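S.K.: Supplied in structure tokens, the structure appears directly below.
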Amino acid sequence: MKIDIFEVCAGSVQDCINAQLGGADRVELNSALYLGGLTPSLAMLKLVKEKTSLKVICMDRPRAAGFCYDDVEIETMFEDAKILLENGADGVSFGFLNSDATINVTETKKMVELIHRYQKEAVFHRAFDCVADPIQAIKLLITCGVDRILTSGLQPTAPQGISAIAKLQSEFGNQIELLAGSGIHADNIRTLKEQTGIHQFHGSCKEWCKDPTTTVGNVSYAYHESDDYDCVSLEKVKCIVQELRGK
């Protein structure tokens with residue numbers, strides 16, 4: 001019987017602490033979640049490993065926007081991956097696409113080989129949800145040796161992509177792990193599990209924390225409301241884990 005796993009999309013050390021306290025199994029560690037998640041700092045990784053017992057998958061994404069990278073960006077990603085793996089990362093989440101929204105097989109294979117040299121997990125993130133042909137893409141990722149794909153079924157949220165996720169799980173779930181992510185909440189996780197056959201879920205459990213110095217006078221660093229920033233809610237993690245495990 002497969003074990004249900006809940007992974008929290010974390011943007012700080014405190015997010016990871018909250019994830020563990022809430023009963024999560026794993027975190028995807030990022031910086032800049034408001035940009036969709038970028039590569040975290042080495043200090044963040046080291047502190048998370050010191051302060052929690054969670055499995056930590058590190059995002060490897062050098063900039064915002066899409067996933068068609070130039071040579072310098074690719075070089076940066078490989079250097080970041082190596083540094084993160086050498087300092088305790090349990091895996092790396094990455095995605096390489098060509099300009100026509102197909103899998104960049106050359107760089108994907110190289111990244112998988114690097115991660116596997118450290119005997120860690122190679123995760124292809126939601127760049128997968130931008131591909132032109134998901135069936136061809138998943139076959140290529142299996143060939144490349146990717147361990148897991150994070151996907152919302154090529155829709156903005158996993159509940160919207162539930163039929164595509166179910167199809168991918170049915171056809172390929174015995175060849176590669178599938179992790180359903182985006183729009184995962186306590187009120188839909190059981191339905192997603194039952195209707196897709198998926199046993200791994202990825203959620204942000206987001207709430208808004210306050211920093212009163214975000215907007216002062218004529219200067220503002222706000223990206224949501226005037227004085228807040230996104231963080232992981234301990235209570236939302238608890239609620240999702242309880243629903244997932246039927247408690």
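Residue numbers start at 1 in each chain; chains themselves are named A, B, ... in the order of the structure tokens; ligands are numbered from 1 in the order shown.
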Could you pull the residues within 8 Å of segment 77-83 of chain A, counting only C-alpha atoms, minus those fewer than 5 positions along the same chain, as an mmCIF file with N, CA, C and O atoms, in the first residue's frame?
M.R.:
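Saved file around-v7.cif follows:
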data_model
loop_
_atom_site.group_PDB
_atom_site.id
_atom_site.type_symbol
_atom_site.label_atom_id
_atom_site.label_comp_id
_atom_site.auth_asym_id
_atom_site.auth_seq_id
_atom_site.Cartn_x
_atom_site.Cartn_y
_atom_site.Cartn_z
ATOM 1 N N THR A 39 15.567 29.823 -6.717
ATOM 2 C CA THR A 39 16.565 29.068 -5.965
ATOM 3 C C THR A 39 16.752 29.655 -4.563
ATOM 4 O O THR A 39 16.932 30.866 -4.424
ATOM 5 N N LEU A 42 21.864 29.163 0.374
ATOM 6 C CA LEU A 42 22.524 28.063 1.066
ATOM 7 C C LEU A 42 22.270 28.143 2.567
ATOM 8 O O LEU A 42 22.084 27.114 3.230
ATOM 9 N N ASP A 60 15.530 24.849 -8.154
ATOM 10 C CA ASP A 60 16.678 25.337 -8.922
ATOM 11 C C ASP A 60 16.121 26.122 -10.109
ATOM 12 O O ASP A 60 15.844 25.547 -11.172
ATOM 13 N N ARG A 61 15.915 27.399 -9.895
ATOM 14 C CA ARG A 61 15.302 28.273 -10.906
ATOM 15 C C ARG A 61 15.954 29.646 -10.775
ATOM 16 O O ARG A 61 15.793 30.318 -9.759
ATOM 17 N N PRO A 62 16.678 30.096 -11.795
ATOM 18 C CA PRO A 62 17.501 31.292 -11.640
ATOM 19 C C PRO A 62 16.781 32.622 -11.837
ATOM 20 O O PRO A 62 17.336 33.671 -11.504
ATOM 21 N N VAL A 92 16.511 17.971 -6.020
ATOM 22 C CA VAL A 92 16.463 19.252 -6.722
ATOM 23 C C VAL A 92 15.260 19.266 -7.649
ATOM 24 O O VAL A 92 15.007 18.290 -8.375
ATOM 25 N N MET A 111 21.119 17.142 -15.868
ATOM 26 C CA MET A 111 20.746 17.485 -14.494
ATOM 27 C C MET A 111 20.388 16.229 -13.700
ATOM 28 O O MET A 111 20.786 16.085 -12.536
ATOM 29 N N LEU A 114 23.540 14.476 -12.712
ATOM 30 C CA LEU A 114 24.219 15.160 -11.608
ATOM 31 C C LEU A 114 23.542 14.818 -10.275
ATOM 32 O O LEU A 114 24.211 14.444 -9.300
ATOM 33 N N ILE A 115 22.219 14.935 -10.232
ATOM 34 C CA ILE A 115 21.482 14.673 -8.991
ATOM 35 C C ILE A 115 21.660 13.221 -8.553
ATOM 36 O O ILE A 115 21.882 12.941 -7.369
#
S.K.: Work out how far apart atom CA of Ser41 of chain A and atom CA of Val13 of chain A are and give it in Å to one decimal.
M.R.: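 Separating atom CA of Ser41 of chain A from atom CA of Val13 of chain A is a distance of 10.5 Å.
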S.K.: Please provide as a ChimeraX atom specification all residues within 10 Å of Asp90 of chain A, with the sequence filter that same-chain residues fewer than 5 positions apart are discarded (counting only C-alpha atoms).
M.R.: /A:26-28,49,54-58,84-85,115,118-122
S.K.: Given the choices A:Lys236, A:Glu243, A:Pro156, A:Phe201, which gets closest to Leu21 of chain A if the distance is worked out from only C-alpha atoms?
M.R.: A:Lys236
S.K.: When distances are computed from only C-alpha atoms, which of A:Leu38, A:Ile135, A:Cys231, A:Val112 shows the smallest separation from Arg63 of chain A?
M.R.: A:Leu38
S.K.: Given only C-alpha atoms, how would the per-residue table for segment 7-93 of chain A near segment 212-228 of chain A read, listing every residue at most 12 Å away with its closest atom pair and distance in Å to one decimal, sorted by chain and number, as JSON lines?
M.R.:
{"residue": "A:Ala32", "atom": "CA", "partner": "A:Tyr223", "partner_atom": "CA", "distance": 11.2}
{"residue": "A:Leu33", "atom": "CA", "partner": "A:Tyr223", "partner_atom": "CA", "distance": 11.3}
{"residue": "A:Tyr34", "atom": "CA", "partner": "A:Tyr223", "partner_atom": "CA", "distance": 8.0}
{"residue": "A:Leu35", "atom": "CA", "partner": "A:Tyr223", "partner_atom": "CA", "distance": 10.2}
S.K.: Please write the residues from the selection above to a file, keeping all heavy atoms, as a PDB file, in the first residue's frame.
M.R.:
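Ended up saving to selection.pdb:
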ATOM      1  N   ALA A  32      11.553  33.757  -3.059  1.00  0.00           N
ATOM      2  CA  ALA A  32      10.680  34.524  -3.961  1.00  0.00           C
ATOM      3  C   ALA A  32       9.473  33.741  -4.460  1.00  0.00           C
ATOM      4  O   ALA A  32       9.250  33.609  -5.667  1.00  0.00           O
ATOM      5  CB  ALA A  32      11.496  35.056  -5.138  1.00  0.00           C
ATOM      6  N   LEU A  33       8.670  33.241  -3.544  1.00  0.00           N
ATOM      7  CA  LEU A  33       7.488  32.481  -3.951  1.00  0.00           C
ATOM      8  C   LEU A  33       6.509  33.323  -4.760  1.00  0.00           C
ATOM      9  O   LEU A  33       5.761  32.789  -5.574  1.00  0.00           O
ATOM     10  CB  LEU A  33       6.781  31.904  -2.719  1.00  0.00           C
ATOM     11  CG  LEU A  33       7.443  30.693  -2.077  1.00  0.00           C
ATOM     12  CD1 LEU A  33       6.654  30.245  -0.858  1.00  0.00           C
ATOM     13  CD2 LEU A  33       7.575  29.547  -3.072  1.00  0.00           C
ATOM     14  N   TYR A  34       6.513  34.635  -4.545  1.00  0.00           N
ATOM     15  CA  TYR A  34       5.611  35.502  -5.313  1.00  0.00           C
ATOM     16  C   TYR A  34       5.971  35.547  -6.793  1.00  0.00           C
ATOM     17  O   TYR A  34       5.175  35.982  -7.625  1.00  0.00           O
ATOM     18  CB  TYR A  34       5.596  36.920  -4.723  1.00  0.00           C
ATOM     19  CG  TYR A  34       6.901  37.664  -4.829  1.00  0.00           C
ATOM     20  CD1 TYR A  34       7.141  38.545  -5.886  1.00  0.00           C
ATOM     21  CD2 TYR A  34       7.903  37.487  -3.885  1.00  0.00           C
ATOM     22  CE1 TYR A  34       8.344  39.220  -5.985  1.00  0.00           C
ATOM     23  CE2 TYR A  34       9.096  38.168  -3.982  1.00  0.00           C
ATOM     24  CZ  TYR A  34       9.320  39.032  -5.032  1.00  0.00           C
ATOM     25  OH  TYR A  34      10.506  39.707  -5.140  1.00  0.00           O
ATOM     26  N   LEU A  35       7.152  35.044  -7.152  1.00  0.00           N
ATOM     27  CA  LEU A  35       7.555  34.914  -8.557  1.00  0.00           C
ATOM     28  C   LEU A  35       7.412  33.471  -9.044  1.00  0.00           C
ATOM     29  O   LEU A  35       7.879  33.128 -10.120  1.00  0.00           O
ATOM     30  CB  LEU A  35       9.003  35.373  -8.744  1.00  0.00           C
ATOM     31  CG  LEU A  35       9.294  36.849  -8.498  1.00  0.00           C
ATOM     32  CD1 LEU A  35      10.784  37.135  -8.615  1.00  0.00           C
ATOM     33  CD2 LEU A  35       8.519  37.720  -9.485  1.00  0.00           C
TER      34      LEU A  35
END
S.K.: Measuring atom to atom with only C-alpha atoms, identify which of A:Ile103, A:Cys144, A:Leu192, A:Met44 is nearest to Cys68 of chain A.
M.R.: A:Ile103
S.K.: When DSSP works through the backbone of this structure, what residues of chain A end up as helix (DSSP H, G or I), shown as a ChimeraX atom specification?
M.R.: /A:13-21,33-35,42-51,71-86,105-117,126-130,134-144,162-172,189-196,234-244
S.K.: Given the choices A:Val72, A:Leu244, A:Met59, A:Leu141, which gets closest to Glu194 of chain A if the distance is worked out from only C-alpha atoms?
M.R.: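 Of all the options, A:Leu244 lies closest to Glu194 of chain A.
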S.K.: Between atom CA of His116 of chain A and atom CA of Ile142 of chain A, what is the distance, to one decimal in Å?
M.R.: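 Those two atoms sit 14.1 Å apart.
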S.K.: What is the atom CA of Ala64 of chain A-atom CA of Arg126 of chain A distance in Å, reported with one decimal?
M.R.: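 Computing the Euclidean distance for atom CA of Ala64 of chain A and atom CA of Arg126 of chain A yields 13.1 Å.
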S.K.: Applying 10 Å and only C-alpha atoms, which residues near Ala137 of chain A remain after dropping the ones on its own chain fewer than 6 positions away? List them as a PyMOL selection string.
M.R.: chain A and resi 101-105+128-129+131+143
S.K.: Measuring atom to atom with only C-alpha atoms, identify which of A:Lys238, A:Ala132, A:Ala186, A:Lys206 is nearest to Gly11 of chain A.
M.R.: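 Smallest separation from Gly11 of chain A among the options: A:Lys206.
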S.K.: Quick one: residues within 9 Å of Ile184 of chain A, only C-alpha atoms, excluding same-chain residues fewer than 5 positions away - as a PyMOL selection string?
M.R.: chain A and resi 157-159+189+192+201-205+240
S.K.: Can you work out which one of A:Ala127, A:Thr76, A:Gly23, A:Thr52 has the shortest atom-to-atom distance to Phe96 of chain A, counting only C-alpha atoms?
M.R.: A:Ala127
